[in-house]
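The next block holds one structure in the form of structure tokens; read it before the comments.
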Amino acid sequence: MHANDLPTLNRQQGLSGLGLLYVLVATGVLATLAFKLVPPYIDNYGISTTVASLGTVPDLNDKTEREVRTLVMNRLRINNVRDVPTEAVVVSRVDDRVLVAVDYETRVNLFGNIDAVIRFENRYPTDLP
């Protein structure tokens with residue numbers, strides 16, 4: 001060790017108390033955001049798999065719009081997805097094909113009066129705009 005290295009070693013003392021507080025606050029904010037924002041995305045995954053699974057329903061194109069909407073809502077209920085209003089499930093027909101769109105928004109309270117609004121769009125068949 002050289003004599004010039006000693007002053008540098010004395011100044012290197014690690015993370016200060018204030019620095020540790022900043023790290024803990026930042027970690028807490030990120031964890032809170034994750035705990036509040038991840039569940040809507042998990043619910044939307046259930047919705048997207050439900051909508052995509054409509055391709056396995058036999059004679060789907062022969063069902064009425066009401067029957068298809070009821071089928072989708074029952075499958076969502078089975079998957080424990082409760083945040084989708086019935087009005088968000090739009091069933092239509094084009095050239096004897098059933099088209100299903102599930103478009104909805106979820107509002108999540110983050111801190112105090114600060115909310116996050118998350119929009120989701122799901123389509124069947126998936127090649128729809």
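Letters A, B, ... go to the chains of the structure tokens in the order shown; residues in each chain start at 1; ligands are counted from 1 in the same order.
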What lies within 8 Å of stretch 108-120 of chain A using only C-alpha atoms, ignoring chain neighbours under 4 positions off, as a ChimeraX atom specification? /A:32-33,36-37,44,102-104
What's the 8 Å shell around stretch 72-89 of chain A, counting only C-alpha atoms, without same-chain residues fewer than 5 positions away, as a ChimeraX atom specification? /A:43,46-47,50-51,100-104,106
State, in Å with one decimal place, the distance from atom CA of A:Leu99 to atom CA of A:Arg123. 7.5 Å
From the options A:Leu15, A:Arg97, A:Pro125, A:Glu105, which residue's atoms come nearest to A:Tyr41, counting only C-alpha atoms?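 Using only C-alpha atoms, the shortest distance to A:Tyr41 belongs to A:Glu105.
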Looking only at helix (DSSP H, G or I) from DSSP on the backbone, list the matching residues of chain A as a ChimeraX atom specification. /A:5-11,17-56,60-62,65-78,86-88
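With atom CA of A:Leu60 on one side and atom CA of A:Asp95 on the other, the separation reads 13.5 Å.
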Would you list, as an NGL selection string, the residues of chain A that end up in strand (DSSP E or B) under DSSP run on this structure's backbone? :A and (89-94 or 97-111 or 114-124)
Output file for the residues above (C-alpha atoms, as a short mmCIF file (atom, residue, chain, number, x, y, z; two decimals), in the first residue's frame):
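Result file out.cif:
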```cif
data_model
loop_
_atom_site.label_atom_id
_atom_site.label_comp_id
_atom_site.auth_asym_id
_atom_site.auth_seq_id
_atom_site.Cartn_x
_atom_site.Cartn_y
_atom_site.Cartn_z
CA VAL A 89 -68.16 -7.89 -23.69
CA VAL A 90 -69.29 -6.92 -27.19
CA VAL A 91 -70.38 -9.73 -29.50
CA SER A 92 -71.08 -9.03 -33.16
CA ARG A 93 -71.39 -10.91 -36.42
CA VAL A 94 -69.68 -10.27 -39.75
CA ARG A 97 -68.46 -15.15 -38.10
CA VAL A 98 -68.71 -14.34 -34.44
CA LEU A 99 -66.53 -11.44 -33.35
CA VAL A 100 -65.89 -10.85 -29.65
CA ALA A 101 -64.29 -7.75 -28.16
CA VAL A 102 -63.61 -7.24 -24.47
CA ASP A 103 -62.47 -3.64 -24.00
CA TYR A 104 -62.43 -2.19 -20.50
CA GLU A 105 -60.59 0.12 -18.13
CA THR A 106 -59.46 -0.57 -14.61
CA ARG A 107 -58.82 2.23 -12.12
CA VAL A 108 -56.34 1.46 -9.35
CA ASN A 109 -55.82 3.79 -6.41
CA LEU A 110 -52.07 4.24 -5.89
CA PHE A 111 -51.52 6.85 -3.18
CA ILE A 114 -53.53 9.47 -7.26
CA ASP A 115 -55.03 6.76 -9.49
CA ALA A 116 -53.72 4.72 -12.37
CA VAL A 117 -56.07 3.96 -15.25
CA ILE A 118 -55.19 0.86 -17.25
CA ARG A 119 -56.93 0.14 -20.57
CA PHE A 120 -57.19 -3.39 -21.93
CA GLU A 121 -58.37 -4.57 -25.35
CA ASN A 122 -58.98 -8.23 -26.16
CA ARG A 123 -60.35 -9.58 -29.45
CA TYR A 124 -61.52 -12.85 -30.94
#
```
Atom-to-atom span, atom CA of A:Leu71 and atom CA of A:Ser48, Å: 14.2 Å
